[in-house]
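The file model-v1.cif contains mmCIF, C-alpha atoms and all ligand atoms:
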data_run
#
loop_
_atom_site.label_atom_id
_atom_site.label_comp_id
_atom_site.auth_asym_id
_atom_site.auth_seq_id
_atom_site.Cartn_x
_atom_site.Cartn_y
_atom_site.Cartn_z
CA MET A 27 -28.52 24.97 4.09
CA THR A 28 -26.67 28.19 3.49
CA ALA A 29 -24.79 28.82 0.30
CA HIS A 30 -21.55 29.11 2.27
CA LEU A 31 -21.92 25.67 3.73
CA ASP A 32 -22.69 24.24 0.30
CA THR A 33 -19.55 25.78 -1.10
CA ALA A 34 -17.53 24.53 1.84
CA LEU A 35 -18.80 20.98 1.43
CA TRP A 36 -18.07 21.04 -2.24
CA ALA A 37 -14.59 22.43 -1.73
CA LEU A 38 -13.86 19.86 0.96
CA GLY A 39 -15.18 17.07 -1.23
CA ARG A 40 -12.96 18.18 -4.09
CA GLY A 41 -9.90 18.79 -1.96
CA THR A 42 -10.05 15.51 -0.08
CA GLY A 43 -10.50 13.64 -3.36
CA MET A 44 -7.43 15.25 -4.86
CA VAL A 45 -5.20 14.72 -1.85
CA ALA A 46 -6.42 11.13 -1.69
CA LEU A 47 -5.34 10.68 -5.30
CA VAL A 48 -1.88 11.95 -4.41
CA MET A 49 -1.78 9.67 -1.34
CA PHE A 50 -2.77 6.61 -3.35
CA THR A 51 -0.19 7.47 -5.98
CA LEU A 52 2.42 7.62 -3.22
CA THR A 53 1.13 4.34 -1.80
CA LEU A 54 1.31 2.62 -5.14
CA VAL A 55 4.77 3.96 -5.95
CA LEU A 56 6.09 2.91 -2.53
CA GLY A 57 4.45 -0.48 -2.93
CA ILE A 58 5.99 -0.97 -6.35
CA VAL A 59 9.51 0.07 -5.42
CA SER A 60 9.46 -1.80 -2.13
CA ARG A 61 7.84 -5.01 -3.31
CA SER A 62 8.82 -7.67 -0.83
CA GLY A 63 10.55 -5.12 1.32
CA ARG A 64 13.28 -3.32 -0.55
CA ALA A 65 14.92 -0.26 0.96
CA ALA A 66 14.40 3.09 -0.75
CA LEU A 67 14.46 6.81 -0.05
CA GLY A 68 16.96 6.32 2.76
CA VAL A 69 14.35 5.22 5.28
CA GLY A 70 15.20 1.55 5.31
CA ARG A 71 13.07 -1.38 4.33
CA PHE A 72 10.67 -1.23 7.25
CA GLY A 73 10.43 2.55 6.81
CA VAL A 74 9.20 2.14 3.25
CA ALA A 75 6.66 -0.45 4.35
CA GLU A 76 5.40 1.81 7.11
CA LEU A 77 5.16 4.84 4.82
CA HIS A 78 3.27 2.68 2.34
CA ARG A 79 0.79 1.68 5.03
CA THR A 80 0.43 5.18 6.43
CA ALA A 81 -0.13 6.72 3.01
CA ALA A 82 -2.73 4.06 2.19
CA LEU A 83 -4.64 4.59 5.42
CA THR A 84 -4.45 8.37 5.05
CA GLY A 85 -5.86 8.08 1.54
CA THR A 86 -8.62 5.80 2.81
CA GLY A 87 -9.52 8.31 5.53
CA LEU A 88 -9.61 11.11 2.98
CA ILE A 89 -11.90 9.08 0.74
CA THR A 90 -14.25 8.59 3.66
CA LEU A 91 -14.37 12.39 4.03
CA HIS A 92 -14.65 12.77 0.26
CA ILE A 93 -17.78 10.67 -0.09
CA GLY A 94 -19.12 11.89 3.24
CA THR A 95 -18.98 15.56 2.29
CA LEU A 96 -20.26 14.99 -1.22
CA TYR A 97 -23.18 13.04 0.19
CA PHE A 98 -24.33 16.21 1.93
CA ASP A 99 -23.47 18.42 -1.02
CA PRO A 100 -26.77 19.23 -2.77
CA TYR A 101 -25.12 19.54 -6.18
CA ALA A 102 -23.48 16.16 -6.27
CA GLN A 103 -26.86 14.53 -5.43
CA LEU A 104 -25.31 11.35 -4.14
CA LYS A 105 -27.62 8.71 -2.84
CA LEU A 106 -26.58 6.04 -0.39
CA VAL A 107 -26.87 3.44 -3.11
CA ASP A 108 -24.14 5.25 -5.05
CA PHE A 109 -21.65 4.35 -2.34
CA VAL A 110 -21.97 0.69 -3.16
CA PHE A 111 -23.51 0.12 -6.59
CA PRO A 112 -21.76 1.81 -9.50
CA PHE A 113 -23.30 3.62 -12.48
CA LEU A 114 -26.64 4.59 -10.90
CA GLY A 115 -25.80 8.21 -10.06
CA SER A 116 -27.65 11.19 -11.45
CA TYR A 117 -24.66 13.46 -12.09
CA ARG A 118 -22.20 12.07 -14.66
CA PRO A 119 -23.20 8.49 -13.81
CA PHE A 120 -20.35 6.83 -15.70
CA TRP A 121 -17.58 8.81 -14.02
CA LEU A 122 -19.29 8.63 -10.65
CA GLY A 123 -19.67 4.88 -11.16
CA LEU A 124 -15.92 4.56 -11.55
CA GLY A 125 -15.56 6.30 -8.20
CA THR A 126 -18.02 3.87 -6.64
CA LEU A 127 -16.12 0.97 -8.14
CA ALA A 128 -12.91 2.35 -6.67
CA VAL A 129 -14.55 2.68 -3.26
CA ASP A 130 -15.76 -0.92 -3.42
CA LEU A 131 -12.26 -2.10 -4.27
CA LEU A 132 -10.80 0.12 -1.59
CA ILE A 133 -13.08 -1.35 1.09
CA VAL A 134 -12.18 -4.92 0.18
CA ILE A 135 -8.45 -4.17 -0.04
CA THR A 136 -8.36 -2.22 3.22
CA VAL A 137 -10.31 -4.84 5.17
CA VAL A 138 -8.23 -7.72 3.82
CA SER A 139 -5.00 -5.81 4.45
CA LEU A 140 -5.91 -5.02 8.03
CA LEU A 141 -6.83 -8.67 8.57
CA ARG A 142 -3.81 -10.05 6.78
CA GLU A 143 -2.82 -12.20 9.74
CA ARG A 144 -6.23 -13.85 9.56
CA VAL A 145 -6.52 -14.38 5.83
CA GLY A 146 -2.94 -15.48 5.26
CA PRO A 147 -0.40 -14.35 2.69
CA ARG A 148 -2.04 -15.95 -0.33
CA VAL A 149 -5.35 -14.13 -0.09
CA PHE A 150 -3.57 -10.98 1.05
CA ARG A 151 -1.40 -10.99 -2.06
CA ALA A 152 -4.16 -11.81 -4.48
CA VAL A 153 -6.37 -9.04 -3.12
CA HIS A 154 -3.45 -6.65 -3.00
CA CYS A 155 -3.01 -7.09 -6.75
CA ALA A 156 -6.40 -5.43 -7.13
CA THR A 157 -4.73 -2.14 -6.19
CA TYR A 158 -3.31 -2.11 -9.69
CA ALA A 159 -6.93 -1.85 -10.86
CA LEU A 160 -7.96 0.56 -8.13
CA TRP A 161 -5.49 3.30 -8.93
CA PRO A 162 -6.23 3.78 -12.66
CA VAL A 163 -9.97 3.62 -11.99
CA ALA A 164 -9.60 6.30 -9.31
CA LEU A 165 -7.45 8.45 -11.60
CA VAL A 166 -9.95 8.28 -14.46
CA HIS A 167 -12.79 9.02 -12.02
CA ALA A 168 -10.94 12.12 -10.83
CA LEU A 169 -10.37 13.34 -14.37
CA GLY A 170 -13.88 12.60 -15.59
CA ASN A 171 -16.01 13.40 -12.56
CA GLY A 172 -14.09 16.17 -10.86
CA SER A 173 -15.16 19.73 -11.50
CA ASP A 174 -11.48 20.50 -12.06
CA GLY A 175 -10.95 17.55 -14.38
CA GLY A 176 -10.54 19.84 -17.36
CA ALA A 177 -8.37 22.42 -15.63
CA LEU A 178 -4.79 22.52 -16.77
CA TRP A 179 -3.27 22.38 -13.31
CA PHE A 180 -5.30 19.31 -12.46
CA ARG A 181 -4.29 17.60 -15.69
CA VAL A 182 -0.69 18.38 -14.83
CA LEU A 183 -1.17 16.88 -11.37
CA ALA A 184 -2.78 13.77 -12.84
CA GLY A 185 0.02 13.55 -15.38
CA LEU A 186 2.64 13.75 -12.65
CA CYS A 187 0.88 10.98 -10.71
CA ALA A 188 0.77 8.78 -13.80
CA ALA A 189 4.42 9.54 -14.57
CA ALA A 190 5.46 8.61 -11.01
CA VAL A 191 3.70 5.25 -11.29
CA GLY A 192 5.12 4.68 -14.77
CA ILE A 193 8.66 5.38 -13.69
CA ALA A 194 8.33 3.17 -10.60
CA LEU A 195 6.93 0.32 -12.70
CA SER A 196 9.63 0.50 -15.35
CA TRP A 197 12.33 0.61 -12.70
CA ARG A 198 10.73 -2.34 -10.93
CA LEU A 199 10.62 -4.36 -14.12
CA SER A 200 14.12 -3.43 -15.21
CA ALA A 201 17.05 -5.69 -14.49
CA GLY A 202 18.76 -3.06 -12.33
CA TYR A 203 16.08 -3.47 -9.67
CA VAL A 204 17.24 -6.77 -8.25
CA GLU A 205 19.36 -6.04 -5.24
CA ARG A 206 21.00 -9.35 -4.67
CA GLY A 207 19.89 -11.22 -7.75
CA ARG A 208 23.37 -11.02 -9.18
CA VAL A 209 24.65 -12.75 -6.07
CA ARG A 210 21.85 -15.28 -6.04
CA ILE A 211 22.24 -16.37 -9.63
CA PRO A 212 25.73 -17.59 -10.40
CA ARG A 213 27.07 -15.95 -13.50
CA SER A 214 29.02 -18.94 -14.66
CA VAL A 215 28.48 -22.53 -13.71
CA PRO A 216 31.73 -24.00 -12.40
CA ARG A 217 32.71 -27.18 -14.18
CA MET B 26 11.57 -17.53 26.84
CA ARG B 27 9.65 -16.40 23.77
CA ARG B 28 11.37 -16.99 20.48
CA LEU B 29 11.35 -15.32 17.12
CA LEU B 30 10.19 -17.97 14.67
CA ILE B 31 11.12 -17.50 11.05
CA ASP B 32 9.00 -19.30 8.48
CA ARG B 33 11.65 -19.87 5.85
CA THR B 34 9.18 -21.08 3.27
CA ARG B 35 7.52 -17.68 3.35
CA CYS B 36 10.59 -15.49 3.78
CA ASP B 37 11.90 -14.04 0.58
CA GLY B 38 15.07 -12.65 2.07
CA HIS B 39 14.69 -8.93 1.82
CA GLY B 40 15.65 -8.29 5.37
CA SER B 41 13.57 -5.64 7.08
CA CYS B 42 13.66 -7.87 10.17
CA ALA B 43 17.44 -7.55 10.49
CA GLU B 44 17.13 -3.78 10.33
CA LEU B 45 14.73 -3.79 13.24
CA LEU B 46 16.39 -6.49 15.32
CA PRO B 47 20.12 -6.14 14.75
CA GLU B 48 20.70 -7.64 18.20
CA LEU B 49 19.22 -10.95 17.12
CA LEU B 50 19.45 -11.14 13.35
CA ASP B 51 21.94 -10.56 10.63
CA LEU B 52 21.57 -11.11 6.90
CA ASP B 53 23.46 -13.74 5.05
CA GLU B 54 25.06 -13.04 1.73
CA TRP B 55 21.77 -13.66 -0.08
CA GLY B 56 19.77 -11.38 2.16
CA PHE B 57 18.10 -14.04 4.28
CA PRO B 58 18.00 -13.55 8.03
CA ILE B 59 20.34 -15.59 10.19
CA SER B 60 20.17 -15.84 13.93
CA LEU B 61 23.02 -14.22 15.82
CA THR B 62 22.38 -16.01 19.08
CA GLY B 63 23.52 -19.44 17.99
CA GLU B 64 19.97 -20.80 18.26
CA ARG B 65 17.93 -21.60 15.19
CA ASP B 66 15.08 -19.42 16.43
CA PRO B 67 16.58 -16.65 18.53
CA ALA B 68 15.13 -16.13 22.00
CA VAL B 69 13.68 -12.64 22.38
CA PRO B 70 14.71 -11.10 25.71
CA ARG B 71 12.12 -9.00 27.51
CA SER B 72 14.08 -5.84 26.68
CA LEU B 73 13.60 -6.52 22.98
CA ALA B 74 9.98 -7.65 23.12
CA ALA B 75 8.59 -4.43 21.62
CA HIS B 76 11.15 -4.43 18.83
CA GLY B 77 10.32 -8.05 18.16
CA GLU B 78 6.63 -7.27 17.79
CA ARG B 79 7.51 -4.46 15.47
CA ALA B 80 9.63 -6.72 13.28
CA VAL B 81 6.77 -9.22 13.11
CA ARG B 82 4.43 -6.48 11.93
CA ALA B 83 6.94 -5.08 9.47
CA CYS B 84 7.69 -8.33 7.67
CA PRO B 85 6.02 -7.91 4.29
CA LEU B 86 5.54 -11.63 3.83
CA MET B 87 4.20 -12.50 7.27
CA ALA B 88 7.11 -14.86 7.77
CA LEU B 89 7.79 -13.94 11.39
CA ARG B 90 6.03 -14.98 14.54
CA ILE B 91 6.84 -14.68 18.19
CA GLY B 92 5.96 -17.71 20.21
S1 LIG C 301 11.35 -9.31 6.99
FE1 LIG C 301 10.31 -11.24 6.64
S2 LIG C 301 10.61 -11.71 4.48
FE2 LIG C 301 12.06 -10.12 5.03
S3 LIG C 301 13.92 -11.25 5.54
FE3 LIG C 301 12.82 -10.91 7.45
S4 LIG C 301 11.58 -12.73 7.67
FE4 LIG C 301 12.25 -12.70 5.57
#
Output the structure of this file as structure tokens.
Amino acid sequence: MTAHLDTALWALGRGTGMVALVMFTLTLVLGIVSRSGRAALGVGRFGVAELHRTAALTGTGLITLHIGTLYFDPYAQLKLVDFVFPFLGSYRPFWLGLGTLAVDLLIVITVVSLLRERVGPRVFRAVHCATYALWPVALVHALGNGSDGGALWFRVLAGLCAAAVGIALSWRLSAGYVERGRVRIPRSVPR
Amino acid sequence: MRRLLIDRTRCDGHGSCAELLPELLDLDEWGFPISLTGERDPAVPRSLAAHGERAVRACPLMALRIG
């Protein structure tokens, strides 16, 4: 393999991983703010749900490219087993293992989400909660395993992603979030 | 005629269905969908079939069905 191709694979592997992180951050933020279908960003309720889905599938596609290119990258030295079983890799096994763990979660979540009509809302919801584990694991993997993990700009990017999720979560958990709750819960009980 | 069936035990009243099917659904004061056609489960005319399918897919709680 030529050196150029190696560099290209490595760059593609890095780039797709980073964009996937941004996509999953977007997915998570949209999922949090739109839980049970709330409107946001001026695109309506269904618009938020569709953006959430599109961002998730885009991220999943990018991850496929990410692990695909790094498999052929001679420096990363991925083996097929690293796609499924965490913590066996040769290069930074712990951080790579987190990536493998995230991929395992991602596969389960994606399959269950695409089959949500089959599995029913209960299973769908339970499995969907695992995304709250997936995102931090993926973020830590990016910081620890990525060749740019130490670079300032990447730390800033990761910080922005974390801040976006933090803000979305605190808004979601704050009282101001409920759209019609004030209507649904009577303020005073008529005697 | 195929109807839009709303599973009210699943629906949590956040109303993306009414955004997609304003011809058939409105939201009540609490955000739950109500049929505009006078039937409990509104009939979906052929002209709205695609929009109906879309609403079914968009419901975050899988509370809608066309049947
Ligand atoms: S989209 Fe689904 S959950 Fe939301 S109001 Fe309509 S039926 Fe209910």
* **Within-12 Å shell of (7.7, -11.8, 5.2) in input frame, all atoms listed in the file, as a count of residues only** => 40
Return as JSON the box centre and box size in Å, one decimal, for an axis-aligned box around all listed atoms of ligand LIG 301 (chain C) padded by 6 Å per side.
{"center_x": 12.1, "center_y": -11.0, "center_z": 6.1, "size_x": 15.6, "size_y": 15.4, "size_z": 15.2}
* Asked: Do you have the atom CA of Arg79 of chain A-atom CA of Thr53 of chain A distance handy?
  -> 7.3 Å
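Closest approach to ligand LIG 301 (chain C) from the set A:Ala164, A:Cys187, A:Gly70, A:Leu83 is made by A:Gly70, with distances taken over only C-alpha atoms and all ligand atoms.
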* Asked: Hey, which of B:Glu48, B:Gly92, B:Glu64, B:Ile59 ends up closest to ligand LIG 301 (chain C)? Count all atoms listed in the file.
  -> B:Ile59
Near Ala168 of chain A, within 10 Å and counting all atoms listed in the file, which residues show up once chain neighbours fewer than 5 positions away are dropped, as a PDB file with C-alpha atoms, in the frame of the given file?
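The result, stored in out_28.pdb:
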ATOM      1  CA  ARG A  40     -12.960  18.180  -4.090  1.00  0.00           C
ATOM      2  CA  GLY A  43     -10.500  13.640  -3.360  1.00  0.00           C
ATOM      3  CA  MET A  44      -7.430  15.250  -4.860  1.00  0.00           C
ATOM      4  CA  LEU A  47      -5.340  10.680  -5.300  1.00  0.00           C
ATOM      5  CA  TRP A 121     -17.580   8.810 -14.020  1.00  0.00           C
ATOM      6  CA  LEU A 122     -19.290   8.630 -10.650  1.00  0.00           C
ATOM      7  CA  LEU A 124     -15.920   4.560 -11.550  1.00  0.00           C
ATOM      8  CA  GLY A 125     -15.560   6.300  -8.200  1.00  0.00           C
ATOM      9  CA  PRO A 162      -6.230   3.780 -12.660  1.00  0.00           C
ATOM     10  CA  VAL A 163      -9.970   3.620 -11.990  1.00  0.00           C
ATOM     11  CA  SER A 173     -15.160  19.730 -11.500  1.00  0.00           C
ATOM     12  CA  ASP A 174     -11.480  20.500 -12.060  1.00  0.00           C
ATOM     13  CA  GLY A 175     -10.950  17.550 -14.380  1.00  0.00           C
ATOM     14  CA  PHE A 180      -5.300  19.310 -12.460  1.00  0.00           C
ATOM     15  CA  ARG A 181      -4.290  17.600 -15.690  1.00  0.00           C
ATOM     16  CA  ALA A 184      -2.780  13.770 -12.840  1.00  0.00           C
TER      17      ALA A 184
END
When you look at His92 of chain A with a cut-off of 7 Å (counting only C-alpha atoms), what residues show up, excluding the ones that are within fewer than 4 positions of it in the same chain? I need them as a PDB file with C-alpha atoms, keeping the file's coordinate frame.
ATOM      1  CA  GLY A  39     -15.180  17.070  -1.230  1.00  0.00           C
ATOM      2  CA  THR A  42     -10.050  15.510  -0.080  1.00  0.00           C
ATOM      3  CA  GLY A  43     -10.500  13.640  -3.360  1.00  0.00           C
ATOM      4  CA  LEU A  88      -9.610  11.110   2.980  1.00  0.00           C
ATOM      5  CA  LEU A  96     -20.260  14.990  -1.220  1.00  0.00           C
TER       6      LEU A  96
END
* Asked: Which is closest to chain B among A:Thr90, A:Ser139, A:Thr51, A:Thr95, if we use only C-alpha atoms?
  -> A:Ser139
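Among the candidates B:Met26, B:Leu73, B:Thr62, B:Ile91, the residue lying nearest to ligand LIG 301 (chain C) is B:Ile91 (atoms considered: only C-alpha atoms and all ligand atoms).
Atom CA of Asp66 of chain B to atom CA of Pro47 of chain B spans 14.3 Å [interatomic distance, one decimal].
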* Structure fact -> Computed gap from atom CA of His78 of chain A to atom CA of Arg79 of chain B is 15.5 Å
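Closest approach to ligand LIG 301 (chain C) from the set A:Thr157, A:Gly73, A:Leu141, A:Gly172 is made by A:Gly73, with distances taken over all atoms listed in the file.
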* Structure fact -> Restricting to only C-alpha atoms, whichever of B:Gly56, B:Arg71, B:Arg65, B:Leu29 is closest to chain A is B:Gly56
